[in-house]
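A.B. asks: Before we start, here is the structure in question, set down as C-alpha cells.
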Amino acid sequence: MSMAPWLSRGRLAVLGTGQALPGAPISTDDLIAMMAQRFGFSRTREAAAIARRLGVESRHLARNFKDQGDPARSGTANSELAAKAVQAALANAGLQPRDLAYLIGHTTTPDQPLPANVANVADRLGYDGPHVELRQACTGFANALMIAFGLVAAGSGPVAIVGSETGSFFFDPAALDSEPDQIVNMVQMGDGAGAVIVGTPEKGRPAIEAAWFGALGRDRAPGISRQHHTRRFDHDFAAIRAEGHRLFDAGQAAAALQGAPIEAAHHVIPHQVSGRIGALAAAHFALPPERMFVQADRIGNTGSAAIWIALDSVRHNAAPGQQIVILGAEASKHMYGGFAYRHA
C-alpha cells in the first residue's frame with residue numbers, strides 16, 4: 001500500500017517564468033536522415049514508425065552529431081541553457097540575480113557530476129547566494145516546489161527554480177542499430193531549460209496555490225534508468241505501460257485533495273512525454289481534448305525542463321482567474337507530482 005502524497009498548501013506568487021531552447025528545431029525526418037548519413041543507421045523505417053506513435057515531429061538539440069563524442073554547441077551546455085532560462089524568468093519578473101534568496105536546479109543530464117550543475121548556473125548568472133540541486137527528471141519540479149514553499153514560508157525573498165535537460169548527449173548514435181531501445185531516446189527527447197521565480201503571495205499576482213508529490217515505486221522495477229558509468233538511458237517499456245495509468249490516477253486524486261480537481265480546471269498540463277499524451281490523458285479522464293496543453297509534438301520530451309517550459313508557454317495566453325492544473329509523472333521509480341496555478 002502506497003503512502004499518501006506530500007501536500008504543500010498555501011500560495012506562492014509566480015513572479016516570472018522563462019525558457020531557453022537550443023537553436024532552431026530539427027524535424028524527426030531530418031534527424032533520422034542525419035543518423036543514417038553520418039552513422040550508417042539502417043533502421044530508419046522503424047524509427048519513423050516509433051516517432052509517429054509518439055507524435056513527436058520536431059525538437060531542439062544542443063548537439064551537432066558530428067561524431068560520437070561531440071560537445072555542446074557554444075551557449076547550449078546544460079548549465080548555459082539553465083542560466084538563460086533563469087535570466088528570462090528574472091527579466092519577466094523585473095528582478096536581478098542579486099534579488100534571489102535561493103536557486104534550485106533539477107536535471108538528470110548535468111554538465112558533469114561534480115561540482116553540481118547548479119553551481120555552474122550560479123556562476124553564469126553572477127549569483128552569489130545559496131543553491132541546491134536535485135538529480136531528478138520529470139517530477140523534479142514538484143520536489144523543488146516543496147523546498148520553495150518552506151523557504152518562502154520562512155520569510156525568504158524570491159526563489160528561482162530551473163529544470164534543464166540535454167538528453168541528446170545520453171545516447172550513442174553508432175549503437176542505434178544494435179540497441180533498438182535507444183531509438184526511443186533519439187526520436188522522443190528534446191533539449192532545453194525552463195524556469196520560474198516564486199515568492200511571497202500578493203494580491204493581483206498569479207500564484208501556485210498548492211503542490212503535491214508522491215511515489216508508487218517501492219519494489220517496482222524502474223521504467224527508465226541510467227547507470228553512473230554510462231551515457232545512455234535504458235527503458236523498461238513494460239513497466240512504463242503497466243504503471244502509467246496509476247500515476248495519472250494518483251495525480252488526479254492528489255489534485256482533488258488539494259482542492260484543485262482537474263475536472264474544474266480551465267487547462268490541464270499533463271506530463272509532456274509525447275505528442276500523443278494530450279489525447280491519451282483526455283480519454284483517461286473523460287475530458288475534452290482541447291482542455292489539454294501539450295507541446296511535446298514540437299519540442300519533444302524535455303524531461304526536467306518540460307513542466308516549466310509548458311507553464312511559461314501557456315500562462316501568457318491565460319485569462320484572469322483561470323486555473324491550470326499540472327500533472328507530472330516520472331517513470332524512473334514511478335513518481336508523480338503536480339500543482340495548481342491560478343492566473344491573475
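Identifiers in this document derive from the order of the C-alpha cells: chains are assigned A, B, ..., residues are numbered from 1 separately in each chain, and ligands are numbered from 1 in order of occurrence.
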I want to know what sits within 7 Å of Asn78 of chain A, based on only C-alpha atoms, with residues of the same chain fewer than 5 positions away left out; could you give that as a list of chain:residue names?
C.D. replies: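 Residues near the query, excluding close chain neighbours: A:Pro110, A:Asp111, A:Ser164, A:Glu165, A:Thr166.
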A.B. asks: Take the selection from the previous step and output its residues with all heavy atoms, as a CSV table (one decimal), in the first residue's frame.
C.D. replies:
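Output file result10.csv follows:
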chain,number,residue,atom,x,y,z
A,110,PRO,N,23.5,16.5,-16.2
A,110,PRO,CA,24.3,17.7,-15.8
A,110,PRO,C,25.6,17.8,-16.7
A,110,PRO,O,25.9,16.8,-17.4
A,110,PRO,CB,24.7,17.4,-14.4
A,110,PRO,CG,24.7,15.9,-14.3
A,110,PRO,CD,23.5,15.5,-15.1
A,111,ASP,N,26.2,19.0,-16.7
A,111,ASP,CA,27.4,19.1,-17.4
A,111,ASP,C,28.5,18.1,-16.9
A,111,ASP,O,29.3,17.6,-17.7
A,111,ASP,CB,28.0,20.5,-17.2
A,111,ASP,CG,27.1,21.6,-18.0
A,111,ASP,OD1,26.4,21.2,-18.9
A,111,ASP,OD2,27.2,22.8,-17.6
A,164,SER,N,16.5,21.6,-16.3
A,164,SER,CA,17.2,21.7,-17.5
A,164,SER,C,17.6,20.3,-18.0
A,164,SER,O,17.8,19.4,-17.1
A,164,SER,CB,18.5,22.5,-17.4
A,164,SER,OG,19.3,22.1,-16.3
A,165,GLU,N,17.6,20.0,-19.3
A,165,GLU,CA,17.9,18.7,-19.8
A,165,GLU,C,18.6,18.8,-21.1
A,165,GLU,O,18.2,19.6,-22.0
A,165,GLU,CB,16.6,17.9,-20.0
A,165,GLU,CG,16.7,16.4,-19.6
A,165,GLU,CD,16.9,16.2,-18.1
A,165,GLU,OE1,18.0,16.2,-17.6
A,165,GLU,OE2,15.9,16.0,-17.4
A,166,THR,N,19.7,18.0,-21.3
A,166,THR,CA,20.4,17.9,-22.6
A,166,THR,C,20.5,16.4,-22.8
A,166,THR,O,21.6,15.9,-22.9
A,166,THR,CB,21.7,18.6,-22.6
A,166,THR,OG1,22.4,18.3,-21.3
A,166,THR,CG2,21.5,20.1,-22.6
A.B. asks: Using only C-alpha atoms, determine which residues lie at most 7 Å from Phe339 of chain A, disregarding the query and same-chain residues fewer than 6 positions distant; provide the list as a list in words.
C.D. replies: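 What passes the distance filter is Ile208, Ala210, Ala211, Trp212, Val325 and Ile326 of chain A.
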A.B. asks: Write to file, as a short mmCIF file (atom, residue, chain, number, x, y, z; two decimals), in the first residue's frame, the residues of the selection just made, with all heavy atoms.
C.D. replies:
data_model
loop_
_atom_site.label_atom_id
_atom_site.label_comp_id
_atom_site.auth_asym_id
_atom_site.auth_seq_id
_atom_site.Cartn_x
_atom_site.Cartn_y
_atom_site.Cartn_z
N ILE A 208 0.91 29.92 -7.55
CA ILE A 208 0.81 28.47 -7.37
C ILE A 208 0.07 28.27 -6.07
O ILE A 208 0.51 28.73 -5.01
CB ILE A 208 2.21 27.83 -7.36
CG1 ILE A 208 2.82 27.89 -8.76
CG2 ILE A 208 2.13 26.38 -6.86
CD1 ILE A 208 4.27 27.47 -8.82
N ALA A 210 -1.10 25.30 -4.66
CA ALA A 210 -0.86 24.08 -3.91
C ALA A 210 0.07 23.20 -4.75
O ALA A 210 0.18 23.37 -5.97
CB ALA A 210 -2.15 23.34 -3.61
N ALA A 211 0.75 22.27 -4.09
CA ALA A 211 1.62 21.34 -4.81
C ALA A 211 1.58 19.99 -4.10
O ALA A 211 1.20 19.89 -2.92
CB ALA A 211 3.05 21.87 -4.87
N TRP A 212 1.98 18.94 -4.81
CA TRP A 212 1.99 17.61 -4.22
C TRP A 212 3.08 16.77 -4.86
O TRP A 212 3.55 17.02 -5.97
CB TRP A 212 0.63 16.93 -4.39
CG TRP A 212 0.16 16.80 -5.82
CD1 TRP A 212 0.44 15.79 -6.71
CD2 TRP A 212 -0.65 17.75 -6.53
NE1 TRP A 212 -0.16 16.04 -7.92
CE2 TRP A 212 -0.84 17.23 -7.84
CE3 TRP A 212 -1.25 18.96 -6.18
CZ2 TRP A 212 -1.58 17.90 -8.80
CZ3 TRP A 212 -2.00 19.63 -7.14
CH2 TRP A 212 -2.17 19.10 -8.43
N VAL A 325 -4.06 23.11 -13.99
CA VAL A 325 -3.59 22.02 -13.13
C VAL A 325 -2.50 21.26 -13.87
O VAL A 325 -2.68 20.86 -15.03
CB VAL A 325 -4.73 21.09 -12.72
CG1 VAL A 325 -4.19 19.87 -11.97
CG2 VAL A 325 -5.72 21.84 -11.83
N ILE A 326 -1.38 21.06 -13.20
CA ILE A 326 -0.22 20.39 -13.77
C ILE A 326 -0.14 18.99 -13.18
O ILE A 326 -0.17 18.82 -11.94
CB ILE A 326 1.07 21.19 -13.48
CG1 ILE A 326 1.15 22.43 -14.37
CG2 ILE A 326 2.30 20.32 -13.71
CD1 ILE A 326 0.27 23.56 -13.96
#
A.B. asks: So that I can check the surroundings of segment 136-151 of chain A, please list as a PyMOL selection string every protein, DNA and RNA residue that reaches within 9 Å of it, counting only C-alpha atoms and ignoring chain neighbours fewer than 2 positions away.
C.D. replies: chain A and resi 6-12+101-102+104-109+133-134+153-157+159-165+198-199+211-213+271-273+302-308+328-332+335-339
A.B. asks: Please run DSSP on the backbone and report, as a list in words, all residues within segment 155-242 of chain A that come out as alpha helix (DSSP H).
C.D. replies: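 DSSP on the backbone gives alpha helix (DSSP H) at Gln182, Ile183, Val184, Asn185, Met186, Val187, Gln188, Phe237, Ala238, Ala239, Ile240, Arg241 and Ala242 of chain A.
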A.B. asks: Mind writing the picked residues with N, CA, C and O atoms as a compact mmCIF listing (two decimals), in the first residue's frame?
C.D. replies:
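As a result, selection-v1.txt now contains:
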# COMPACT_ATOMS: atom_id res chain seq x y z
N GLN A 182 17.32 2.38 -27.87
CA GLN A 182 17.90 3.72 -27.91
C GLN A 182 17.27 4.59 -28.99
O GLN A 182 17.41 5.82 -28.98
N ILE A 183 16.57 3.96 -29.94
CA ILE A 183 15.85 4.73 -30.95
C ILE A 183 14.82 5.63 -30.29
O ILE A 183 14.58 6.76 -30.73
N VAL A 184 14.21 5.15 -29.20
CA VAL A 184 13.24 5.96 -28.48
C VAL A 184 13.89 7.24 -27.97
O VAL A 184 13.32 8.33 -28.08
N ASN A 185 15.10 7.12 -27.39
CA ASN A 185 15.81 8.32 -26.93
C ASN A 185 15.96 9.32 -28.06
O ASN A 185 15.75 10.53 -27.88
N MET A 186 16.33 8.83 -29.23
CA MET A 186 16.60 9.72 -30.36
C MET A 186 15.35 10.47 -30.80
O MET A 186 15.39 11.70 -30.97
N VAL A 187 14.24 9.77 -30.98
CA VAL A 187 13.06 10.41 -31.58
C VAL A 187 12.14 11.06 -30.56
O VAL A 187 11.28 11.86 -30.93
N GLN A 188 12.31 10.74 -29.28
CA GLN A 188 11.39 11.27 -28.26
C GLN A 188 11.92 12.51 -27.57
O GLN A 188 11.16 13.43 -27.25
N PHE A 237 9.91 -0.73 -21.12
CA PHE A 237 8.63 -0.27 -21.65
C PHE A 237 7.44 -0.98 -21.02
O PHE A 237 6.37 -0.39 -20.86
N ALA A 238 7.63 -2.22 -20.63
CA ALA A 238 6.53 -2.95 -19.98
C ALA A 238 6.18 -2.30 -18.64
O ALA A 238 5.00 -2.15 -18.30
N ALA A 239 7.20 -1.91 -17.89
CA ALA A 239 6.97 -1.26 -16.59
C ALA A 239 6.28 0.09 -16.78
O ALA A 239 5.39 0.46 -16.01
N ILE A 240 6.69 0.82 -17.82
CA ILE A 240 6.07 2.12 -18.09
C ILE A 240 4.60 1.96 -18.44
O ILE A 240 3.74 2.69 -17.94
N ARG A 241 4.29 0.99 -19.30
CA ARG A 241 2.90 0.76 -19.69
C ARG A 241 2.06 0.32 -18.49
O ARG A 241 0.91 0.75 -18.33
N ALA A 242 2.64 -0.51 -17.63
CA ALA A 242 1.88 -1.04 -16.50
C ALA A 242 1.58 0.02 -15.45
O ALA A 242 0.53 -0.03 -14.80
A.B. asks: Skipping near chain neighbours, those fewer than 2 positions away, what residues fall within 8 Å of Ala47 of chain A using only C-alpha atoms, listed as a count of residues only?
C.D. replies: 10
A.B. asks: What are the DSSP strand (DSSP E or B) residues of segment 26-254 of chain A, as a PyMOL selection string?
C.D. replies: chain A and resi 26-27+58-59+63+72+102-106+131-134+159-165+189+192-199+207-215+224-225+234-235
A.B. asks: Using only C-alpha atoms for the distances, tell me which of A:Glu202, A:Asp249, A:Glu80, A:Asp67 is nearest to His284 of chain A.
C.D. replies: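 Closest candidate: A:Asp249.
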